[in-house]
Structures are given as structure tokens and as C-alpha cells.
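With mmCIF, C-alpha atoms inside, this is my_file_37.cif:
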data_query
#
loop_
_atom_site.label_atom_id
_atom_site.label_comp_id
_atom_site.auth_asym_id
_atom_site.auth_seq_id
_atom_site.Cartn_x
_atom_site.Cartn_y
_atom_site.Cartn_z
CA MET A 663 0.00 0.00 0.00
CA PRO A 664 1.62 3.28 -1.04
CA ARG A 665 2.53 5.67 1.71
CA ALA A 666 0.43 8.76 1.94
CA ARG A 667 2.31 11.80 0.79
CA ARG A 668 2.51 14.38 3.51
CA THR A 669 2.48 17.87 2.12
CA THR A 670 3.58 20.78 4.26
CA TYR A 671 2.08 24.14 3.42
CA GLN A 672 4.31 27.00 4.43
CA MET A 673 2.71 30.36 4.78
CA ASN A 674 4.65 33.08 3.01
CA VAL A 675 4.06 35.96 5.35
CA ALA A 676 5.68 39.06 3.92
CA LYS A 677 5.76 42.28 5.81
CA SER A 678 3.04 44.50 4.44
CA GLY A 679 4.10 47.76 2.81
CA TYR A 680 3.38 51.27 3.97
CA ARG A 681 2.28 54.46 2.28
CA VAL A 682 2.53 58.10 3.30
CA PHE A 683 -0.32 60.48 2.45
CA SER A 684 -0.84 64.17 2.97
CA ALA A 685 -4.28 65.17 4.25
CA ASN A 686 -4.01 68.59 2.62
CA SER A 687 -3.42 69.46 -1.03
CA THR A 688 -2.20 73.06 -0.64
CA ALA A 689 1.46 73.68 -1.43
CA ALA A 690 2.28 75.23 1.97
CA CYS A 691 0.87 72.26 3.88
CA THR A 692 2.41 69.55 1.70
CA GLU A 693 5.93 70.99 2.02
CA LEU A 694 6.65 69.15 5.29
CA ALA A 695 5.12 65.94 3.90
CA LYS A 696 7.43 66.12 0.85
CA LYS A 697 10.49 66.61 3.04
CA ILE A 698 9.54 63.58 5.15
CA THR A 699 8.97 61.33 2.12
CA GLU A 700 12.28 62.45 0.59
CA ARG A 701 14.10 61.39 3.75
CA LEU A 702 12.25 58.06 3.75
CA GLY A 703 12.92 57.47 0.04
CA VAL A 704 9.24 56.88 -0.77
CA GLU A 705 6.70 58.69 -2.91
CA LEU A 706 3.81 60.64 -1.47
CA GLY A 707 0.57 58.70 -1.78
CA LYS A 708 -1.81 59.67 -4.57
CA SER A 709 -4.90 61.36 -3.21
CA VAL A 710 -6.99 64.46 -3.80
CA VAL A 711 -8.32 66.60 -0.96
CA TYR A 712 -10.56 69.51 -1.85
CA GLN A 713 -13.51 71.59 -0.75
CA GLU A 714 -16.90 71.50 -2.47
CA SER A 715 -18.65 74.75 -3.33
CA ASN A 716 -20.59 74.48 -0.07
CA ARG A 717 -17.28 74.02 1.86
CA GLU A 718 -17.78 70.28 2.41
CA THR A 719 -14.53 68.30 2.49
CA ARG A 720 -14.04 65.57 -0.10
CA VAL A 721 -11.19 63.05 -0.21
CA ASP A 722 -10.40 60.68 -3.10
CA VAL A 723 -7.69 58.07 -2.55
CA LYS A 724 -6.24 57.17 -5.96
CA GLU A 725 -4.47 53.89 -5.11
CA SER A 726 -5.04 50.65 -3.23
CA VAL A 727 -4.19 50.63 0.48
CA ARG A 728 -5.56 47.20 1.37
CA GLY A 729 -3.57 45.53 4.14
CA GLN A 730 -1.01 48.34 4.34
CA THR A 731 0.13 50.62 7.15
CA ILE A 732 -0.80 54.18 6.26
CA PHE A 733 0.75 57.36 7.65
CA ILE A 734 -1.31 60.53 7.24
CA ILE A 735 0.67 63.76 7.58
CA GLN A 736 -1.47 66.75 8.49
CA THR A 737 0.02 70.14 9.18
CA ILE A 738 -2.45 72.63 10.61
CA PRO A 739 -2.83 75.91 8.68
CA ARG A 740 -4.81 78.93 9.85
CA ASP A 741 -8.11 77.23 8.99
CA VAL A 742 -7.90 74.73 11.85
CA ASN A 743 -11.39 73.27 11.61
CA THR A 744 -11.06 72.51 7.89
CA ALA A 745 -7.74 70.75 8.56
CA ILE A 746 -9.39 68.60 11.23
CA MET A 747 -12.18 67.58 8.87
CA GLU A 748 -9.64 66.73 6.16
CA LEU A 749 -7.83 64.45 8.58
CA LEU A 750 -11.03 62.79 9.82
CA VAL A 751 -12.45 62.23 6.32
CA MET A 752 -9.17 60.85 4.97
CA ALA A 753 -8.74 58.52 7.95
CA TYR A 754 -12.26 57.19 7.50
CA ALA A 755 -11.74 56.77 3.74
CA LEU A 756 -8.61 54.71 4.39
CA LYS A 757 -10.39 52.69 7.08
CA THR A 758 -13.20 51.76 4.70
CA SER A 759 -10.56 50.90 2.06
CA CYS A 760 -9.25 48.14 4.37
CA ALA A 761 -5.98 49.76 5.46
CA LYS A 762 -4.28 47.66 8.13
CA ASN A 763 -3.15 50.51 10.40
CA ILE A 764 -3.77 54.25 10.11
CA ILE A 765 -1.23 56.43 11.88
CA GLY A 766 -1.68 60.19 12.07
CA VAL A 767 1.43 62.37 11.92
CA ILE A 768 0.18 65.64 13.43
CA PRO A 769 3.22 67.74 14.39
CA TYR A 770 1.06 70.46 15.96
CA PHE A 771 -1.99 69.02 17.69
CA PRO A 772 -4.86 71.54 17.45
CA TYR A 773 -7.06 72.55 20.39
CA SER A 774 -4.26 71.46 22.73
CA LYS A 775 -4.73 74.60 24.85
CA GLN A 776 -8.33 73.57 25.53
CA CYS A 777 -7.29 70.59 27.65
CA LYS A 778 -8.69 71.81 30.97
CA MET A 779 -12.20 72.54 32.21
CA ARG A 780 -12.74 76.28 32.53
CA LYS A 781 -15.96 77.50 34.08
CA ARG A 782 -18.82 76.20 31.87
CA GLY A 783 -16.58 75.33 28.94
CA SER A 784 -15.58 71.91 27.68
CA ILE A 785 -12.40 69.90 27.21
CA VAL A 786 -12.33 70.12 23.43
CA CYS A 787 -9.01 68.30 23.19
CA LYS A 788 -10.62 65.16 24.67
CA LEU A 789 -13.46 65.44 22.15
CA LEU A 790 -10.99 65.65 19.27
CA ALA A 791 -9.13 62.59 20.57
CA SER A 792 -12.38 60.61 20.57
CA MET A 793 -13.23 61.78 17.05
CA LEU A 794 -9.85 60.68 15.69
CA ALA A 795 -10.25 57.23 17.26
CA LYS A 796 -13.76 56.90 15.82
CA ALA A 797 -12.52 57.90 12.35
CA GLY A 798 -10.09 54.97 12.37
CA LEU A 799 -6.72 56.23 13.61
CA THR A 800 -4.74 53.62 15.56
CA HIS A 801 -1.65 55.66 16.53
CA ILE A 802 -0.52 59.29 16.56
CA ILE A 803 2.87 60.93 16.18
CA THR A 804 2.92 64.51 17.41
CA MET A 805 5.42 67.01 18.79
CA ASP A 806 5.57 69.03 22.01
CA LEU A 807 1.98 68.76 23.22
CA HIS A 808 0.91 71.81 25.20
CA GLN A 809 0.41 69.52 28.19
CA LYS A 810 1.91 66.03 28.26
CA GLU A 811 -1.16 64.74 30.10
CA ILE A 812 -3.13 65.10 26.83
CA GLN A 813 -1.78 61.66 25.91
CA GLY A 814 -4.20 60.22 28.47
CA PHE A 815 -7.17 61.41 26.38
CA PHE A 816 -6.43 58.82 23.68
CA SER A 817 -7.40 55.16 23.58
CA PHE A 818 -4.40 54.31 21.36
CA PRO A 819 -0.62 54.99 21.50
CA VAL A 820 0.67 58.56 21.22
CA ASP A 821 4.33 59.39 20.55
CA ASN A 822 5.01 62.93 21.77
CA LEU A 823 8.33 63.83 20.13
CA ARG A 824 10.49 66.79 21.24
CA ALA A 825 11.79 69.66 19.13
CA SER A 826 14.20 70.88 21.84
CA PRO A 827 17.29 69.07 20.41
CA PHE A 828 16.91 71.03 17.16
CA LEU A 829 16.35 74.35 18.96
CA LEU A 830 19.29 73.70 21.29
CA GLN A 831 21.48 73.00 18.27
CA TYR A 832 20.32 76.26 16.69
CA ILE A 833 21.29 78.20 19.82
CA GLN A 834 24.73 76.62 19.90
CA GLU A 835 25.43 77.16 16.19
CA GLU A 836 23.55 80.33 15.24
CA VAL A 837 23.44 82.55 18.34
CA PRO A 838 26.72 84.50 18.58
CA ASP A 839 28.33 84.35 22.01
CA TYR A 840 25.54 82.13 23.35
CA ARG A 841 27.66 81.46 26.46
CA ASN A 842 26.71 84.98 27.55
CA ALA A 843 23.00 84.16 27.23
CA ILE A 844 20.37 83.54 29.89
CA ILE A 845 17.24 81.43 29.43
CA VAL A 846 14.03 83.26 30.31
CA ALA A 847 10.59 81.90 31.22
CA LYS A 848 7.99 84.55 30.43
CA SER A 849 5.72 83.18 33.17
CA PRO A 850 6.14 80.81 36.13
CA SER A 851 4.18 78.14 34.24
CA ALA A 852 6.93 78.04 31.59
CA ALA A 853 9.72 77.70 34.16
CA LYS A 854 10.14 73.91 33.78
CA ARG A 855 10.72 74.16 30.05
CA ALA A 856 13.15 77.05 30.53
CA GLN A 857 14.99 75.14 33.26
CA SER A 858 15.42 72.19 30.91
CA TYR A 859 17.06 74.44 28.29
CA ALA A 860 19.22 76.19 30.88
CA GLU A 861 20.54 72.92 32.36
CA ARG A 862 21.38 71.46 28.96
CA LEU A 863 23.18 74.61 27.78
CA ARG A 864 24.79 75.22 31.20
CA LEU A 865 23.30 78.70 31.31
CA GLY A 866 21.53 80.81 33.91
CA LEU A 867 17.76 81.00 34.35
CA ALA A 868 15.44 83.98 34.79
CA VAL A 869 11.69 83.93 35.40
CA MET A 870 9.26 86.75 34.70
CA HIS A 871 6.62 87.02 37.37
CA GLY A 872 3.67 89.34 37.71
CA GLU A 873 0.59 90.03 35.64
CA ALA A 874 -0.47 86.72 34.13
CA GLN A 875 0.72 86.26 30.55
CA CYS A 876 -2.09 83.89 29.67
CA SER A 877 -4.80 85.19 31.97
CA GLU A 878 -8.20 83.58 31.78
CA SER A 879 -11.09 85.85 30.98
CA ASP A 880 -13.02 86.76 34.07
CA MET A 881 -16.17 87.62 32.17
CA ALA A 882 -19.41 87.50 34.11
CA ASP A 883 -20.85 84.02 33.69
CA GLY A 884 -23.62 84.18 36.24
CA ARG A 885 -21.74 82.49 39.06
CA HIS A 886 -21.71 85.63 41.19
CA SER A 887 -25.34 86.50 40.57
CA PRO A 888 -27.65 86.41 43.62
CA PRO A 889 -29.64 83.23 44.08
CA CYS A 890 -33.33 83.15 43.28
CA VAL A 891 -35.51 84.17 46.24
CA ARG A 892 -37.49 81.17 47.37
CA ASN A 893 -39.79 80.72 50.28
CA THR A 894 -38.24 77.70 51.91
CA SER A 895 -38.83 76.49 55.40
CA GLY A 896 -35.77 74.25 55.44
CA HIS A 897 -32.23 74.90 56.63
CA PRO A 898 -30.99 78.35 55.50
CA GLY A 899 -27.65 76.93 54.33
CA LEU A 900 -24.09 77.26 55.52
CA GLU A 901 -21.90 80.31 55.08
CA LEU A 902 -18.75 79.05 53.36
CA PRO A 903 -15.46 80.96 53.66
CA LEU A 904 -14.97 83.32 50.73
CA MET A 905 -12.04 82.68 48.41
CA MET A 906 -9.79 85.73 48.31
CA ALA A 907 -9.36 87.27 44.87
CA LYS A 908 -5.92 87.19 43.26
CA GLU A 909 -4.08 90.49 43.10
CA LYS A 910 -1.59 90.63 40.24
CA PRO A 911 1.63 92.45 41.12
CA PRO A 912 3.63 94.46 38.56
CA ILE A 913 5.80 92.42 36.22
CA THR A 914 9.20 91.66 37.72
CA VAL A 915 12.16 89.64 36.48
CA VAL A 916 13.63 87.13 38.92
CA GLY A 917 17.22 86.86 37.76
CA ASP A 918 19.90 89.17 36.37
CA VAL A 919 19.62 89.78 32.61
CA GLY A 920 21.79 92.91 32.49
CA GLY A 921 24.37 92.78 29.70
CA ARG A 922 23.15 89.31 28.63
CA ILE A 923 21.45 87.73 25.63
CA ALA A 924 17.90 86.85 26.71
CA ILE A 925 16.41 83.69 25.15
CA ILE A 926 12.70 83.23 25.87
CA VAL A 927 11.53 79.63 25.34
CA ASP A 928 7.97 78.37 24.96
CA ASP A 929 6.03 75.69 23.10
CA ILE A 930 3.62 77.89 21.11
CA ILE A 931 3.91 81.44 19.81
CA ASP A 932 0.57 82.66 18.50
CA ASP A 933 -0.61 86.09 19.67
CA VAL A 934 2.70 87.82 20.27
CA GLU A 935 1.59 90.68 22.53
CA ASP A 936 2.86 88.83 25.62
CA PHE A 937 6.24 88.18 24.00
CA VAL A 938 6.55 91.80 22.85
CA ALA A 939 5.75 93.05 26.37
CA ALA A 940 8.27 90.62 27.86
CA ALA A 941 10.93 91.82 25.41
CA GLU A 942 10.34 95.44 26.45
CA ILE A 943 10.77 94.54 30.12
CA LEU A 944 13.97 92.60 29.39
CA LYS A 945 15.35 95.53 27.41
CA GLU A 946 14.65 97.83 30.34
CA ARG A 947 16.50 95.38 32.61
CA GLY A 948 19.60 95.57 30.43
CA ALA A 949 19.39 92.63 27.99
CA TYR A 950 21.10 93.68 24.78
CA LYS A 951 19.67 90.98 22.49
CA ILE A 952 16.41 89.04 22.69
CA TYR A 953 15.56 85.72 21.02
CA ILE A 954 12.26 83.82 21.08
CA MET A 955 12.43 80.02 20.73
CA ALA A 956 9.20 78.07 20.20
CA THR A 957 8.21 74.76 18.65
CA HIS A 958 4.97 75.82 16.98
CA GLY A 959 4.91 79.16 15.18
CA LEU A 960 1.23 79.88 14.64
CA LEU A 961 1.89 83.63 14.39
CA SER A 962 -1.74 84.64 13.96
CA ALA A 963 -3.25 88.02 13.08
CA ASP A 964 -0.71 90.89 13.10
CA ALA A 965 2.09 88.84 14.66
CA PRO A 966 4.67 89.49 11.87
CA ARG A 967 4.15 93.26 12.03
CA LEU A 968 4.30 93.36 15.82
CA ILE A 969 7.50 91.30 15.87
CA GLU A 970 9.11 93.52 13.24
CA GLU A 971 8.30 96.68 15.23
CA SER A 972 9.30 95.21 18.63
CA ALA A 973 12.56 94.88 20.55
CA ILE A 974 12.74 91.20 19.62
CA ASP A 975 15.82 90.44 17.51
CA GLU A 976 14.86 86.99 16.24
CA VAL A 977 12.00 84.49 16.47
CA VAL A 978 12.99 80.87 15.87
CA VAL A 979 10.27 78.27 15.26
CA THR A 980 10.10 74.83 13.66
CA ASN A 981 8.20 73.88 10.51
CA THR A 982 5.45 71.97 12.34
CA VAL A 983 3.08 74.72 11.14
CA PRO A 984 3.39 76.39 7.70
CA HIS A 985 4.40 80.05 8.09
CA GLU A 986 6.04 81.05 4.81
CA VAL A 987 3.73 84.04 4.40
CA GLN A 988 4.67 85.36 7.83
CA LYS A 989 8.38 84.99 7.01
CA LEU A 990 7.93 87.16 3.94
CA GLN A 991 6.32 89.83 6.11
CA CYS A 992 8.97 89.67 8.85
CA PRO A 993 12.62 88.72 8.17
CA LYS A 994 13.17 88.23 11.92
CA ILE A 995 11.33 84.88 11.74
CA LYS A 996 13.65 81.89 11.24
CA THR A 997 12.74 78.23 10.67
CA VAL A 998 14.29 75.01 11.97
CA ASP A 999 13.49 71.83 10.04
CA VAL A 1000 12.25 68.89 12.14
CA SER A 1001 11.36 66.54 9.27
CA MET A 1002 14.33 64.34 10.23
CA ILE A 1003 12.87 63.15 13.54
CA LEU A 1004 9.37 62.70 12.07
CA ALA A 1005 10.76 60.57 9.23
CA GLU A 1006 12.78 58.49 11.70
CA ALA A 1007 9.67 57.94 13.85
CA ILE A 1008 7.74 56.70 10.80
CA ARG A 1009 10.59 54.37 9.81
CA ARG A 1010 10.90 52.90 13.31
CA ILE A 1011 7.17 52.33 13.73
CA HIS A 1012 6.91 50.60 10.36
CA ASN A 1013 9.91 48.36 11.06
CA GLY A 1014 8.74 47.57 14.60
CA GLU A 1015 11.82 49.14 16.17
CA SER A 1016 11.97 50.75 19.59
CA MET A 1017 11.10 54.45 19.83
CA ALA A 1018 13.31 54.89 22.90
CA TYR A 1019 16.18 56.15 20.72
CA LEU A 1020 14.14 59.28 19.93
CA PHE A 1021 13.65 60.02 23.64
CA ARG A 1022 17.25 59.79 24.82
CA ASN A 1023 18.09 61.99 27.83
CA ILE A 1024 14.48 63.19 28.06
CA THR A 1025 13.26 63.23 31.64
CA VAL A 1026 9.76 63.25 33.08
CA ASP A 1027 9.85 67.02 33.50
CA ASP A 1028 10.86 67.73 29.87
#
Since I need it in another form, could you write the structure as C-alpha cells?
Amino acid sequence: MPRARRTTYQMNVAKSGYRVFSANSTAACTELAKKITERLGVELGKSVVYQESNRETRVDVKESVRGQTIFIIQTIPRDVNTAIMELLVMAYALKTSCAKNIIGVIPYFPYSKQCKMRKRGSIVCKLLASMLAKAGLTHIITMDLHQKEIQGFFSFPVDNLRASPFLLQYIQEEVPDYRNAIIVAKSPSAAKRAQSYAERLRLGLAVMHGEAQCSESDMADGRHSPPCVRNTSGHPGLELPLMMAKEKPPITVVGDVGGRIAIIVDDIIDDVEDFVAAAEILKERGAYKIYIMATHGLLSADAPRLIEESAIDEVVVTNTVPHEVQKLQCPKIKTVDVSMILAEAIRRIHNGESMAYLFRNITVDD
């Protein structure tokens, strides 16, 4: 009786490919995406993102993404809400096209300042995190979140990269006589970030204290209105101790900036009035040159004009947000390219390599 032939079937499991798409078709917003794909040695995915006549967002993916890992790069222009819808619609289009994983590369995460409950407001950042998860995203790569605790809003992994190595390198290479500089926090809340820069550069630290730089609006919201008069026969209620109102002292600088180069560091520079006021105070205290270092250069409204007319000598930001128009209006604005670390993060995630290399020497307080 012939022996039964035993056939062994070997599964040929090849690592699925990956594609990189841009969720915005405008030239300014695709610039960062093109730099990232050039470093990765891949082509930008073929897709069309546009607005209908009634301002509805439409996305057409022009190639198959079945079974692939997809990275969506979305830089946030001035029209934040449109950019969010572009990202959501593209993520959902890729999800319904059977993409294996959908990873959002969002260098500047919008609504990150609305991450705390204020009076009768809402935590919009948490809402946005839920919307991205519902649209199909499985992972996010971002940079310098306004508050690191925002990562807890997401139900999937978040890699919060740091731009500080690039800004530190800029200080060392482009700021003349940087050893005579002092790192300045324009408010006590920014002191940890400033301390991190000062310790790494072996420089002194100064903190500006006084009238709040990012003061919350104390508009009447009805909380101090008298209660409705009711005829109740119950307990009249307890008299709770009254919280004393804050009294803001005049702005003072804790630290000697006389005859020094003042370098103000922050994560976001948007409305620049606070930075301009801080620069004036530092000039009065004897600083002879003033730099602003920030990761995200939103530079809204009249920011370029105000910077040009101010005592600020240079504003250095990364290219997480497109700001070419602002640079044309103000030559004081300089850009540091961070596409290298974003490309490396994409490469490591696709290859299943550890991300710890990108967080070397970064402590809990950074």
C-alpha cells in the first residue's frame, strides 16, 4: 500500500508595505510631507483633498491601500477646523478601504490649549481625541503637546516627540556668544521648560513674574449672581469661607539679565503681545539681544508686524506649522526643520523598532 504523501504548506508571510499620504493638497501644507517622504525614500501617496462649493470636504484616494500601514501627515494651517475635517475624512476613507493601520502624523496638535475645564466650557481636546479614534486612527505621532497629560485622552498609543534638540542645536550654532546668554521663562508656568534648556546649555535662568501672561477671561458668567428668592422652610444653608481674589503684582524679572542675551523659550507662539511686552521689560532690565524660541509658530493676526516693530531680535520656530507668508512679512522669523525626527519615527514604527532612541536623555519634567 503506497505511503500517503505528507504535504507541508508554508505560509509566506511578507511584511506589508506602507504608504505616506498628505491630508491637505495646498502647497504650503504639503511641504513638510514632501520633506519627510524624501528622507524616507518613498513617494507621497496619490490622493486628492478639496472643498466642495458648499465648503464640504471631499477626499479621493487614488491607489489601493488594502492591508497596508498608512501614515497621514497633516500640518495645521490657519483654517484649523477645515484641517481637522480633512484628517477625519481621509482617515475614515482609508479605514473603509481596508488599510491595516492608520497612523496620524500631526506635528502640531490643534485645540491642545483647551485641555482643561474652565468654568462652563468643555475639554475640546478630549473630544478631538475621541473623534480621531472613531474615524479609524490607531496611533498618533505629534510634537511638544501643550500639556503632556493630553496623551491620556487617547485610547491608542501617542508618541510625543520633542523639538528641543533642534532648537538647542540652533542656539549653539547660530546665536553668537551664546555662552553669555540667559534662558528666560515669560511666566512661572513656563519655568520647567526654561529650566530644561538652561541645564542642557549650562546657562543661567530667569523667570518673569507678575501680571499673568495667559490670563483667563473673568467675564461675568452668572456664578456671582444672587440666588433666586425662594420661600423655603428648610435649613438656611451654611456660610462658606470666601475665596480671596488674586491680586496681580507688577511684572518683575527674577534673575539678572543685564548685559546678557535673553532667550525666551515656549512651546507655542501665537498672539505675540505677551512676548513683545516681555521683550520690552527685558530691554529695560539691560538685555542687549532678545531671542524667542518656540516649537509651533502659529503667528496669527498681526504677529509678523508686531514682531518687526518690537525689541525682539529673532523668532525661531520649527516647521510643524506652515508660516512662509509670515516669514515674507517679517525677516526676523527663522525656521528650523524637524522633518528628520518625524521621518525616523515613521521608519521605526513601520519596522517595529523601539522608539526609545528618539527620547534619549528626556526626563519626566521635559
* Name every residue that the PyMOL selection byres ((chain A and resi 1024) around 12) selects in this structure, writing the answer as a list of chain:residue names with chains first and numbers rising. =>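 So the PyMOL selection byres ((chain A and resi 1024) around 12) ends up selecting A:Asn822, A:Leu823, A:Arg824, A:Ala825, A:Ser826, A:Pro827, A:Arg855, A:Ser858, A:Tyr859, A:Arg862, A:Ala1018, A:Tyr1019, A:Leu1020, A:Phe1021, A:Arg1022, A:Asn1023, A:Thr1025, A:Val1026, A:Asp1027, A:Asp1028.
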* Asked: In Å, with one decimal, what is the gap from CA of Lys778 (chain A) to CA of Met793 (chain A)?
  -> 17.7 Å
* Can you give me, as a PyMOL selection string, the residues this file yields under the PyMOL selection byres ((chain A and resi 835-843) around 9)? => chain A and resi 830-834+844-845+863-866+919+921-925+951+953
Put those residues in a file: C-alpha atoms, as a PDB file, in the coordinates of the input.
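That gives us result.pdb:
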ATOM      1  CA  LEU A 830      19.290  73.700  21.290  1.00  0.00           C
ATOM      2  CA  GLN A 831      21.480  73.000  18.270  1.00  0.00           C
ATOM      3  CA  TYR A 832      20.320  76.260  16.690  1.00  0.00           C
ATOM      4  CA  ILE A 833      21.290  78.200  19.820  1.00  0.00           C
ATOM      5  CA  GLN A 834      24.730  76.620  19.900  1.00  0.00           C
ATOM      6  CA  ILE A 844      20.370  83.540  29.890  1.00  0.00           C
ATOM      7  CA  ILE A 845      17.240  81.430  29.430  1.00  0.00           C
ATOM      8  CA  LEU A 863      23.180  74.610  27.780  1.00  0.00           C
ATOM      9  CA  ARG A 864      24.790  75.220  31.200  1.00  0.00           C
ATOM     10  CA  LEU A 865      23.300  78.700  31.310  1.00  0.00           C
ATOM     11  CA  GLY A 866      21.530  80.810  33.910  1.00  0.00           C
ATOM     12  CA  VAL A 919      19.620  89.780  32.610  1.00  0.00           C
ATOM     13  CA  GLY A 921      24.370  92.780  29.700  1.00  0.00           C
ATOM     14  CA  ARG A 922      23.150  89.310  28.630  1.00  0.00           C
ATOM     15  CA  ILE A 923      21.450  87.730  25.630  1.00  0.00           C
ATOM     16  CA  ALA A 924      17.900  86.850  26.710  1.00  0.00           C
ATOM     17  CA  ILE A 925      16.410  83.690  25.150  1.00  0.00           C
ATOM     18  CA  LYS A 951      19.670  90.980  22.490  1.00  0.00           C
ATOM     19  CA  TYR A 953      15.560  85.720  21.020  1.00  0.00           C
TER      20      TYR A 953
END
* To do: Please evaluate the PyMOL selection byres ((chain A and resi 939-948) around 9) against the structure above and give the resulting residues as a list in words.
  => Lys848, Met870, Ile913, Thr914, Val915, Asp918, Val919, Gly920, Gly921, Arg922, Ala924, Ile926, Val934, Glu935, Asp936, Phe937, Val938, Ala949, Tyr950, Lys951, Ile952, Tyr953, Ser972, Ala973 and Ile974 of chain A
* Asked: Which residue gives the smallest distance to Val682 (chain A) among A:Ile765, A:Met905, A:Ala852, A:Ile995, with only C-alpha atoms counted?
  -> A:Ile765
* Nearby residues (all atoms listed in the file) at most 12 Å from region 690-696 of chain A, same-chain spacing under 6 positions excluded, as an MDAnalysis selection string -> chainID A and resid 681:684 702:707 711 733:741 745 767:769 980:988 998:1005 1008
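Shortest separation to Ile930 (chain A) among A:Glu901, A:Glu976, A:Glu811, A:Asp806 occurs at residue A:Asp806, atoms counted being all atoms listed in the file.
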Centre and size of axis-aligned box enclosing region 960-979 of chain A plus 8 Å each side, as lines of an AutoDock Vina configuration file:
center_x = 6.3
center_y = 87.5
center_z = 16.2
size_x = 35.1
size_y = 34.4
size_z = 24.7
* Asked: How many Å lie between CA of Val977 (chain A) and CA of Met955 (chain A), rounded to one decimal?
  ->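 Answer for the CA of Val977 (chain A) to CA of Met955 (chain A) separation: 6.2 Å.
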* **For Ala685 (chain A), the nearest of the candidates A:Arg780, A:Arg728, A:Lys910, A:Arg720, counting all atoms listed in the file** => A:Arg720
* To do: Could you tell me how far CA of Met747 (chain A) lies from CA of Gln809 (chain A), in Å and to one decimal?
  =>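 These atoms are spaced 23.1 Å apart.
The closest residue to Thr800 (chain A), picked from A:Ser715, A:Thr731, A:Ser851, A:Gln776 and counting all atoms listed in the file, is A:Thr731.
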* Structure fact -> Among A:Tyr680, A:Tyr712, A:Phe771, A:Tyr754, Val820 (chain A) is approached most closely, using only C-alpha atoms, by A:Phe771
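Among the candidates A:Asp964, A:Gly1014, A:Ala1007, A:Gln857, the residue lying nearest to Arg701 (chain A) is A:Ala1007 (atoms considered: all atoms listed in the file).
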